[in-house]
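See below for the structure under consideration.
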Amino acid sequence: MTLLTDSSPDANPYRLPRDVHPVRYDILIEPDLEAARFVGEVSIDAKVHASIDSVTLNAAELECTDATLRQGDRTVGADISFDPDTERMLLRPADGSRLEPGDLQIACIFAGVLNDQLRGFYRSTFVDEAGETHTIATTQFESTNARRAFPCFDEPDLKAVFGVTMIVPAGLMAVSCGEVVSSETLPDGRRRDTFADTMQMSTYLMAFIVGDLEATDPVDVGGVPLRIVHVRGKSALTSFGLEAGAFALAWLVDYYGIDYPGTKVDLIAVPDFAFGAMENMGAITFRETLLLADPQKATTAELLRIVDVVAHELAHMWFGNLVTMDWWNGIWLKEAFATFMQVATTDAFRPEWKRWDEFCIERGAAFDVDALSSTRPVEYEVISPADAEGMYDVLTYEKGAAVVRMLEQYLGPDRFAVGVQHYLERHSYANTTTTDLWDALETSSGEPVRSVMDGWIFKGGYPILSVERHPDGLKVSQQRFTYGGDAPNAASAGQSDSELWSVPVMVRAQLAGTGTVERRFLLSGASTVVDLGGSVSWAVVNSGGHGYYRVRYGGDLLGAVARQALEVLDPIERYGLVDDTYAAVVAGDASAAEFIELVTDLGLETDLHVWQRMIGGLKGLHAIAEPTGRAALEVLIRDLATTALGVLGFEPQPGEPDLDRELRGVLFEAAGGRGRDELVRTRAREIFETSIGNGNAVEPNLAAAAVQVAAAAGDQTDYERMIDLYRSADTPQSELRYLQALLGFEPRDLFERTLELIATEVRTQNAPYMLGAAMTHLDWGPVAWKFVRDQWDELTSRFPQNSIPRMVGGIRGLNTRELADEVEAFFAEHEVPQGALTVAQHLEKMWVNVRLRERESARLG
């Protein structure tokens with residue numbers, strides 16, 4: 001099949017010509033933090049491949065002067081011109097001469113602004129314990145923002161070596177990808193730091209940071225020094241991140257079978273950061289909440305997230321940095337694999353956290369998008385920088401990781417790991433496409449990996465497997481799963497090959513009167529009979545729970561599985577049963593009553609992740625129910641949660657598993673929040689007062705849940721206290737916890753105050769996500785929508801551009817036809833260029849929820 005249209009440089013106006021490629025950059029940067037500006041010089045050693053009359057580079061938002069071109073002994077000045085639309089700079093010899101094949105040195109002086117958009121070379125601020133504000137200059141170059149810091153060949157396949165020198169105030173710390181190799185004090189009192197050369201790499205992996213920072217002592221990890229860099233005064237929050245980083249680096253070296261490709265690892269906590277973290281080579285930047293923590297105050301989920309993100313970025317040092325995608329259409333090659341590796345690493349770090357079970361929740365977000373008609377393939381054509389920005393979503397990360405996990409389980413972990421090592425060894429310091437990975441895995445496994453996986457990567461959507469009894473075992477059929485529209489969920493005899501996948505299926509079943517059998521097979525056609533040796537009493541398809549597909553059991557098979565779910569299904573399989581049933585409700589293939597019956601039957605469940613999905617589904621139905629239905633669901637949530645709490649115990653016990661502590665928090669929040677249980681609310685108030693006072697420490701999972709319950713039942717006095725706690729929080733996790741709790745207060749006037757706070761005070765790294773969450777508020781979501789609508793221009797100019805599509809995601813919580821019509825009309829006139837497809841998906845899911853409400857709300861009453 002034709003997978004992509006032509007995205008070669010000659011066919012794409014945003015691509016650079018291939019007549020020149022860089023070999024080495026020498027960059028001098030002088031940031032002025034007070035003036036929020038920087039100046040610099042760049043010298044690029046390059047190779048010319050054909051006789052040309054000009055050189056084309058990338059540059060954006062820069063003032064460039066004094067450019068020269070040197071070949072051999074001849075140096076000429078260059079005339080500079082810019083194309084702002086394609087973010088390119090043209091250098092033409094001022095004397096009209098041509099540049100001939102061979103070595104070329106390009107030199108340029110440039111200047112720019114330290115912006116507030118959290119991209120390129122930008123400014124970040126923090127307030128110290130004395131109340132003094134400090135400014136940091138830091139970088140974020142992925143995907144196409146290195147060109148905002150220095151003129152360069154800003155495409156992933158144009159790799160080069162980088163040498164960096166920074167001139168900074170004497171009292172500040174400077175960090176880059178290499179270690180400092182020389183430092184000298186200049187006559188004006190500033191300091192000149194020169195850093196070791198990098199390996200050959202892409203521009204988007206370059207970084208330089210300067211500010212009032214300090215670093216931990218390095219930890220030696222197999223000869224590689226690893227440390228955490230942070231704003232002054234937060235050294236007490238580094239121990240857990242160091243432990244996670246040291247473990248992850250050592251584990252990844254062992255898994256990949258290749259030494260770490262750099263010379264040092266700095267994990268750098270930045271106060272303002274648009275993403276979660278960024279895999280700059282040897283100088284990885286993070287949001288503070290994803291690196292710095294007090295393990296005695298952080299919840300299990302917060303600590304798990306730190307390990308995840310540290311492992312994700314370190315995984316990139318090989319998968320992305322050492323071996324890099326050829327062009328931005330292949331972002332999934334690095335991001336999906338790093339997501340897969342973060343889960344594997346965290347699972348090795350704390351096996352008791354059952355990280356692969358937790359991944360089902362994240363995979364569910366991909367399922368949700370991939371069931372829409374506006375979904376996209378994991379890999380698709382990328383032309384412009386805006387197209388590249390649109391690739392950073394759950395399909396690239398979570399769907400990509402899910403299909404990689406499905407493949408790993410089908411091939412076997414050992415054969416899979418050997419293929420990965422082969423891929424990395426063969427393509428080190430080079431660039432690849434998706435087929436290179438499939439070829440390596442085919443070599444290691446002997447399986448037809450490419451023919452199996454192309455459908456999952458180059459085609460949107462996923463199948464649902466219908467399972468029926470057969471005299472010999474089971475009949476399994478596939479068809480595309482959707483939430484409605486033109487593609488029905490019912491099986492179709494006329495289904496085309498484009499709606500079929502090569503599905504790696506794992507089955508476990510009990511034969512009538514005998515034992516349990518297991519089968520592994522590849523479903524490539526519309527249906528097949530699985531010979532199990534006779535009729536079955538029960539069967540679980542997607543055994544192990546790692547397949548990227550849903551399952552629908554026909555006849556009495558569903559009842560047979562559900563009745564014995566707690567005895568015969570693993571927790572990850574029970575999760576899939578609950579998740580698939582709720583998805584069927586959303587799609588109109590099952591009723592809300594069927595989901596409620598299943599959840600009620602699982603009332604004795606003890607697994608955290610299954611409970612999270614059960615409660616999530618009940619909250620989803622509660623959000624679309626009429627008042628009488630809401631009241632009934634509140635009773636159900638309250639009864640289920642308090643009963644489970646009674647079994648688990650309301651109070652933490654010494655030595656109990658981490659996941660039991662987390663489950664207690666989940667159940668406590670459900671009972672006191674949507675369940676409105678007065679006894680739980682009273683207890684939450686007591687826990688809240690203890691946790692913020694000087695009394696005994698409160699178990700973090702329970703303390704975090706108590707904050708949310710206290711907010712849900714709180715008044716204006718509680719609100720004022722919560723704002724004070726947010727502003728004075730002593731850890732990044734506490735700050736975010738109190739901020740999010742502000743959206744839980746029920747009075748409208750307090751909700752509107754929170755909206756104003758978000759728009760004016762909250763850091764722009766958090767504000768868009770908070771406004772998105774505000775639109776999902778049970779009562780005041782429409783108020784938040786109107787706030788966003790009325791301040792659209794101001795908000796979108798202030799917030800980082802990559803965050804706008806994520807803010808818009810809140811419209812999924814709006815579920816009345818009147819509001820949906822208004823929202824759709826608004827976005828017909830207000831484009832989001834960097835996330836047009838993502839916004840289309842948000843709009844479609846909004847309408848899915850409208851139809852769900854119209855179909856089920858009255859029945860729930």
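Starting from 1 in every chain, residues are counted up; chains themselves are A, B, ... following the order of the structure tokens, and ligands are numbered from 1 as listed.
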
Within 8 Å of Phe273 (chain A), counting only C-alpha atoms, which residues qualify if same-chain residues fewer than 2 places away don't, as a tab-separated table (two decimals) with C-alpha atoms, in the first residue's frame?
```tsv
chain	number	residue	atom	x	y	z
A	118	LEU	CA	8.22	28.52	26.76
A	270	VAL	CA	12.76	24.18	35.53
A	271	PRO	CA	10.02	26.33	37.15
A	275	PHE	CA	5.99	19.95	28.29
A	276	GLY	CA	6.49	17.35	31.01
A	277	ALA	CA	10.18	16.95	30.23
A	286	PHE	CA	11.72	18.73	33.61
A	287	ARG	CA	8.76	20.40	35.21
A	765	GLN	CA	2.60	25.88	32.08
```

Once you count only C-alpha atoms, what closest atom pair and distance in Å to one decimal does each residue of region 275-328 of chain A within 9 Å of region 698-707 of chain A have, with rows by chain and rising residue number, as CSV?
```
residue,atom,partner,partner_atom,distance
A:Pro295,CA,A:Pro700,CA,8.9
A:Gln296,CA,A:Pro700,CA,7.2
A:Lys297,CA,A:Pro700,CA,5.2
A:Ala298,CA,A:Pro700,CA,5.7
A:Thr299,CA,A:Asn701,CA,4.8
A:Thr300,CA,A:Asn701,CA,6.9
A:Ala301,CA,A:Asn701,CA,8.5
```

Mind pulling up the distance from CA of Asp601 (chain A) to CA of Cys360 (chain A)?
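Straight-line distance from CA of Cys360 (chain A) to CA of Asp601 (chain A) works out to 21.1 Å.
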
Please determine, counting only C-alpha atoms, which residue among A:Ile44, A:Leu242, A:Ala565, A:Met846 has the shortest atom-to-atom distance to Thr216 (chain A).
A:Leu242

Write down as a PyMOL selection string the residues belonging to region 220-385 of chain A that are assigned alpha helix (DSSP H) by DSSP computed on the backbone.
chain A and resi 239-256+300-316+331-349+355-370+385

Could you save those same residues with C-alpha atoms as a compact mmCIF listing (two decimals), in the first residue's frame?
```
# COMPACT_ATOMS: atom_id res chain seq x y z
CA SER A 239 16.80 12.26 46.76
CA PHE A 240 13.95 10.34 45.12
CA GLY A 241 14.67 11.72 41.65
CA LEU A 242 18.33 10.74 42.03
CA GLU A 243 17.36 7.22 43.08
CA ALA A 244 14.99 6.88 40.14
CA GLY A 245 17.52 8.33 37.69
CA ALA A 246 20.37 6.08 38.81
CA PHE A 247 18.20 2.98 38.61
CA ALA A 248 16.74 3.87 35.22
CA LEU A 249 20.11 4.67 33.63
CA ALA A 250 21.68 1.41 34.80
CA TRP A 251 18.62 -0.66 33.82
CA LEU A 252 18.42 0.89 30.35
CA VAL A 253 22.13 0.31 29.67
CA ASP A 254 21.56 -3.33 30.50
CA TYR A 255 18.38 -3.62 28.40
CA TYR A 256 19.79 -1.92 25.34
CA THR A 300 2.17 6.83 45.20
CA ALA A 301 0.84 8.19 41.91
CA GLU A 302 3.03 11.29 42.18
CA LEU A 303 6.15 9.23 42.85
CA LEU A 304 5.29 6.80 40.06
CA ARG A 305 4.96 9.71 37.66
CA ILE A 306 8.46 10.94 38.56
CA VAL A 307 9.98 7.52 37.87
CA ASP A 308 8.00 7.33 34.63
CA VAL A 309 9.18 10.66 33.29
CA VAL A 310 12.81 10.21 34.34
CA ALA A 311 12.84 6.78 32.69
CA HIS A 312 11.08 8.11 29.57
CA GLU A 313 13.66 10.83 29.00
CA LEU A 314 16.62 8.56 29.73
CA ALA A 315 15.21 5.98 27.31
CA HIS A 316 15.43 8.67 24.64
CA ILE A 331 8.03 11.04 15.95
CA TRP A 332 6.25 7.92 17.15
CA LEU A 333 9.46 5.93 16.63
CA LYS A 334 11.02 7.65 19.61
CA GLU A 335 8.02 8.72 21.68
CA ALA A 336 6.06 5.47 21.59
CA PHE A 337 9.15 3.45 22.35
CA ALA A 338 10.20 5.77 25.19
CA THR A 339 6.69 5.44 26.62
CA PHE A 340 6.96 1.66 26.38
CA MET A 341 10.39 1.77 28.05
CA GLN A 342 9.23 4.09 30.85
CA VAL A 343 6.59 1.56 31.85
CA ALA A 344 9.05 -1.34 31.64
CA THR A 345 11.63 0.57 33.69
CA THR A 346 9.16 1.65 36.36
CA ASP A 347 7.84 -1.90 36.54
CA ALA A 348 11.39 -3.08 37.24
CA PHE A 349 11.98 -0.26 39.76
CA ARG A 355 2.93 -0.58 36.28
CA TRP A 356 1.72 -2.54 33.25
CA ASP A 357 -1.72 -2.74 34.84
CA GLU A 358 -1.63 1.03 35.35
CA PHE A 359 -0.77 1.47 31.68
CA CYS A 360 -4.25 0.21 30.79
CA ILE A 361 -5.65 3.52 32.03
CA GLU A 362 -3.33 5.47 29.73
CA ARG A 363 -4.07 3.13 26.83
CA GLY A 364 -7.74 3.88 27.43
CA ALA A 365 -7.17 7.52 26.50
CA ALA A 366 -5.84 6.36 23.13
CA PHE A 367 -8.79 3.99 22.70
CA ASP A 368 -11.09 6.95 23.32
CA VAL A 369 -9.58 9.06 20.52
CA ASP A 370 -9.02 6.14 18.17
CA PRO A 385 6.13 22.94 11.92
```

As a PyMOL selection string, please: all residues of region 47-286 of chain A that backbone DSSP puts in strand (DSSP E).
chain A and resi 47-48+55-58+62-71+74-83+88-93+102-113+120-127+133-140+161-168+173-176+180-185+191-195+208-211+213-215+219-221+224-231+265-270+277-278+283-286

If we count only C-alpha atoms and set the cut-off at 10 Å, which residues sit around Asn115 (chain A), ignoring sequence neighbours fewer than 4 positions away in its own chain? Please answer as a list of chain:residue names.
A:Ala36, A:Arg37, A:Glu61, A:Arg119, A:Gly120, A:Phe121, A:Tyr122, A:Arg123, A:Ser124, A:Ala137, A:Arg148

Put those residues in a file: all heavy atoms, as an mmCIF file, in the first residue's frame.
```
data_model
loop_
_atom_site.group_PDB
_atom_site.id
_atom_site.type_symbol
_atom_site.label_atom_id
_atom_site.label_comp_id
_atom_site.auth_asym_id
_atom_site.auth_seq_id
_atom_site.Cartn_x
_atom_site.Cartn_y
_atom_site.Cartn_z
ATOM 1 N N ALA A 36 16.022 40.588 29.321
ATOM 2 C CA ALA A 36 15.298 39.520 28.618
ATOM 3 C C ALA A 36 15.709 39.455 27.149
ATOM 4 O O ALA A 36 14.872 39.323 26.259
ATOM 5 C CB ALA A 36 13.785 39.692 28.757
ATOM 6 N N ARG A 37 17.027 39.532 26.919
ATOM 7 C CA ARG A 37 17.550 39.428 25.568
ATOM 8 C C ARG A 37 18.801 38.550 25.566
ATOM 9 O O ARG A 37 19.346 38.243 26.631
ATOM 10 C CB ARG A 37 17.895 40.812 24.982
ATOM 11 C CG ARG A 37 16.680 41.651 24.609
ATOM 12 C CD ARG A 37 17.101 42.931 23.900
ATOM 13 N NE ARG A 37 17.862 42.676 22.670
ATOM 14 C CZ ARG A 37 17.311 42.375 21.495
ATOM 15 N NH1 ARG A 37 16.007 42.280 21.369
ATOM 16 N NH2 ARG A 37 18.076 42.159 20.426
ATOM 17 N N GLU A 61 12.505 34.678 14.505
ATOM 18 C CA GLU A 61 12.482 35.611 15.629
ATOM 19 C C GLU A 61 13.893 36.021 16.061
ATOM 20 O O GLU A 61 14.153 36.280 17.232
ATOM 21 C CB GLU A 61 11.709 35.006 16.808
ATOM 22 C CG GLU A 61 10.265 34.660 16.449
ATOM 23 C CD GLU A 61 9.558 33.831 17.512
ATOM 24 O OE1 GLU A 61 10.126 33.649 18.603
ATOM 25 O OE2 GLU A 61 8.438 33.351 17.247
ATOM 26 N N ARG A 119 9.277 28.390 24.595
ATOM 27 C CA ARG A 119 9.874 27.704 23.451
ATOM 28 C C ARG A 119 11.092 28.485 22.989
ATOM 29 O O ARG A 119 11.223 29.672 23.260
ATOM 30 C CB ARG A 119 8.875 27.567 22.303
ATOM 31 C CG ARG A 119 8.474 28.898 21.665
ATOM 32 C CD ARG A 119 7.530 28.670 20.503
ATOM 33 N NE ARG A 119 7.230 29.932 19.811
ATOM 34 C CZ ARG A 119 6.471 30.023 18.735
ATOM 35 N NH1 ARG A 119 5.933 28.923 18.214
ATOM 36 N NH2 ARG A 119 6.247 31.196 18.163
ATOM 37 N N GLY A 120 11.989 27.820 22.240
ATOM 38 C CA GLY A 120 13.225 28.476 21.848
ATOM 39 C C GLY A 120 14.078 28.734 23.077
ATOM 40 O O GLY A 120 14.214 27.897 23.967
ATOM 41 N N PHE A 121 14.678 29.931 23.150
ATOM 42 C CA PHE A 121 15.441 30.377 24.325
ATOM 43 C C PHE A 121 14.506 31.299 25.091
ATOM 44 O O PHE A 121 14.148 32.380 24.602
ATOM 45 C CB PHE A 121 16.696 31.104 23.863
ATOM 46 C CG PHE A 121 17.786 31.229 24.897
ATOM 47 C CD1 PHE A 121 17.809 30.458 26.049
ATOM 48 C CD2 PHE A 121 18.835 32.133 24.706
ATOM 49 C CE1 PHE A 121 18.825 30.559 26.986
ATOM 50 C CE2 PHE A 121 19.863 32.254 25.633
ATOM 51 C CZ PHE A 121 19.856 31.468 26.767
ATOM 52 N N TYR A 122 14.054 30.897 26.275
ATOM 53 C CA TYR A 122 12.995 31.645 26.954
ATOM 54 C C TYR A 122 13.336 31.874 28.422
ATOM 55 O O TYR A 122 14.287 31.305 28.960
ATOM 56 C CB TYR A 122 11.655 30.918 26.811
ATOM 57 C CG TYR A 122 11.526 29.626 27.580
ATOM 58 C CD1 TYR A 122 11.009 29.609 28.877
ATOM 59 C CD2 TYR A 122 11.883 28.394 27.015
ATOM 60 C CE1 TYR A 122 10.867 28.425 29.591
ATOM 61 C CE2 TYR A 122 11.743 27.206 27.723
ATOM 62 C CZ TYR A 122 11.234 27.229 29.009
ATOM 63 O OH TYR A 122 11.100 26.060 29.704
ATOM 64 N N ARG A 123 12.529 32.716 29.053
ATOM 65 C CA ARG A 123 12.757 33.064 30.453
ATOM 66 C C ARG A 123 11.774 32.334 31.358
ATOM 67 O O ARG A 123 10.619 32.107 31.013
ATOM 68 C CB ARG A 123 12.665 34.575 30.660
ATOM 69 C CG ARG A 123 11.304 35.168 30.340
ATOM 70 C CD ARG A 123 11.342 36.687 30.279
ATOM 71 N NE ARG A 123 11.679 37.263 31.560
ATOM 72 C CZ ARG A 123 10.781 37.569 32.497
ATOM 73 N NH1 ARG A 123 9.494 37.331 32.297
ATOM 74 N NH2 ARG A 123 11.153 38.127 33.624
ATOM 75 N N SER A 124 12.270 31.965 32.531
ATOM 76 C CA SER A 124 11.463 31.353 33.574
ATOM 77 C C SER A 124 11.808 32.058 34.874
ATOM 78 O O SER A 124 12.948 32.489 35.062
ATOM 79 C CB SER A 124 11.783 29.858 33.668
ATOM 80 O OG SER A 124 11.150 29.262 34.782
ATOM 81 N N ALA A 137 17.199 31.634 32.271
ATOM 82 C CA ALA A 137 17.071 31.492 30.821
ATOM 83 C C ALA A 137 17.281 30.026 30.488
ATOM 84 O O ALA A 137 18.280 29.423 30.891
ATOM 85 C CB ALA A 137 18.096 32.355 30.091
ATOM 86 N N ARG A 148 14.989 29.449 16.842
ATOM 87 C CA ARG A 148 14.665 30.672 17.587
ATOM 88 C C ARG A 148 15.774 31.069 18.543
ATOM 89 O O ARG A 148 15.686 32.108 19.199
ATOM 90 C CB ARG A 148 13.350 30.486 18.352
ATOM 91 C CG ARG A 148 12.150 30.461 17.433
ATOM 92 C CD ARG A 148 10.837 30.169 18.150
ATOM 93 N NE ARG A 148 9.732 30.461 17.260
ATOM 94 C CZ ARG A 148 9.309 29.661 16.271
ATOM 95 N NH1 ARG A 148 9.915 28.497 16.085
ATOM 96 N NH2 ARG A 148 8.310 30.028 15.486
#
```

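Using only C-alpha atoms, the protein and nucleic acid residues lying no more than 8 Å from Thr528 (chain A), apart from those fewer than 6 places from it along its own chain, are A:Lys475, A:Val476, A:Ser477.
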
Write to file, as a PDB file, in the first residue's frame, the residues of the selection just made, with C-alpha atoms.
```pdb
ATOM      1  CA  LYS A 475     -15.471 -18.242  16.781  1.00  0.00           C
ATOM      2  CA  VAL A 476     -13.652 -14.891  16.811  1.00  0.00           C
ATOM      3  CA  SER A 477     -14.555 -12.087  14.382  1.00  0.00           C
TER       4      SER A 477
END
```

For Arg190 (chain A), which residue out of A:Pro22, A:Ala509, A:Ala174, A:Arg520 is the nearest one, using only C-alpha atoms?
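Using only C-alpha atoms, Arg190 (chain A) sits closest to A:Ala174.
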
For the atom pair CA of Ser51 (chain A) and CA of Thr432 (chain A), what is the interatomic distance in Å to one decimal place?
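Distance between the two atoms: 28.1 Å.
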
Which value, in Å to one decimal, gives the distance between CA of Arg748 (chain A) and CA of Arg817 (chain A)?
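Between CA of Arg748 (chain A) and CA of Arg817 (chain A) the gap works out to 22.5 Å.
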
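For the set A:Gln834, A:Thr690, A:Asn145, A:Thr754, the residue with the smallest atom-to-atom gap to Ser384 (chain A) is A:Gln834, counting only C-alpha atoms.
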
Distance query Ala625 (chain A) at most 8 Å, only C-alpha atoms, self and fewer than 4 positions along chain excluded, as a CSV table (one decimal) with all heavy atoms, in the first residue's frame:
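What follows is the written file out.csv:
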```csv
chain,number,residue,atom,x,y,z
A,621,LEU,N,-21.3,8.5,34.0
A,621,LEU,CA,-22.7,8.4,33.9
A,621,LEU,C,-23.4,9.4,34.8
A,621,LEU,O,-24.4,10.0,34.4
A,621,LEU,CB,-23.2,7.0,34.3
A,621,LEU,CG,-22.7,5.8,33.4
A,621,LEU,CD1,-23.2,4.5,34.0
A,621,LEU,CD2,-23.2,6.0,32.0
A,629,GLY,N,-31.5,10.7,38.5
A,629,GLY,CA,-30.5,9.7,38.2
A,629,GLY,C,-29.2,10.0,38.9
A,629,GLY,O,-28.5,9.1,39.4
A,630,ARG,N,-28.8,11.3,39.1
A,630,ARG,CA,-27.6,11.7,39.8
A,630,ARG,C,-27.7,11.2,41.3
A,630,ARG,O,-26.8,10.7,41.8
A,630,ARG,CB,-27.4,13.2,39.7
A,630,ARG,CG,-26.8,13.7,38.5
A,630,ARG,CD,-26.3,15.1,38.6
A,630,ARG,NE,-25.7,15.6,37.4
A,630,ARG,CZ,-25.1,16.8,37.3
A,630,ARG,NH1,-25.2,17.6,38.3
A,630,ARG,NH2,-24.6,17.1,36.1
A,853,ARG,N,-25.8,11.4,26.5
A,853,ARG,CA,-26.7,12.0,27.4
A,853,ARG,C,-28.1,11.8,26.9
A,853,ARG,O,-29.0,11.5,27.7
A,853,ARG,CB,-26.4,13.4,27.6
A,853,ARG,CG,-27.4,14.2,28.5
A,853,ARG,CD,-26.9,15.6,28.9
A,853,ARG,NE,-27.9,16.1,29.8
A,853,ARG,CZ,-27.6,17.2,30.6
A,853,ARG,NH1,-26.4,17.7,30.6
A,853,ARG,NH2,-28.5,17.6,31.5
A,856,GLU,N,-29.2,8.0,27.3
A,856,GLU,CA,-29.1,7.3,28.6
A,856,GLU,C,-29.6,8.1,29.8
A,856,GLU,O,-30.0,7.5,30.9
A,856,GLU,CB,-27.7,6.9,28.9
A,856,GLU,CG,-27.2,5.8,28.0
A,856,GLU,CD,-27.9,4.4,28.2
A,856,GLU,OE1,-28.6,4.2,29.2
A,856,GLU,OE2,-27.8,3.6,27.3
A,857,SER,N,-29.7,9.5,29.7
A,857,SER,CA,-29.9,10.2,31.0
A,857,SER,C,-31.3,9.9,31.5
A,857,SER,O,-31.5,9.8,32.8
A,857,SER,CB,-29.8,11.7,30.7
A,857,SER,OG,-30.8,12.1,29.7
A,858,ALA,N,-32.3,9.8,30.7
A,858,ALA,CA,-33.7,9.5,31.2
A,858,ALA,C,-33.7,8.1,31.8
A,858,ALA,O,-34.4,7.9,32.8
A,858,ALA,CB,-34.7,9.6,30.1
A,860,LEU,N,-31.4,6.6,33.3
A,860,LEU,CA,-30.7,6.6,34.6
A,860,LEU,C,-31.6,7.2,35.7
A,860,LEU,O,-31.3,7.0,36.9
A,860,LEU,CB,-29.4,7.4,34.5
A,860,LEU,CG,-28.3,6.8,33.7
A,860,LEU,CD1,-27.2,7.8,33.4
A,860,LEU,CD2,-27.7,5.6,34.5
A,861,GLY,N,-32.6,7.9,35.3
A,861,GLY,CA,-33.5,8.5,36.3
A,861,GLY,C,-34.4,7.5,36.9
A,861,GLY,O,-35.1,7.7,37.8
```

Here is a test: counting only C-alpha atoms, which residue of A:Gln841, A:Ser235, A:Gln733, A:Asn766 is nearest to Leu290 (chain A)?
A:Gln733

Report as number ranges by chain all protein, DNA and RNA residues lying within 8 Å of Asp103 (chain A), evaluated on only C-alpha atoms, omitting residues in the same chain fewer than 6 positions from it.
A: 45-48, 71-72
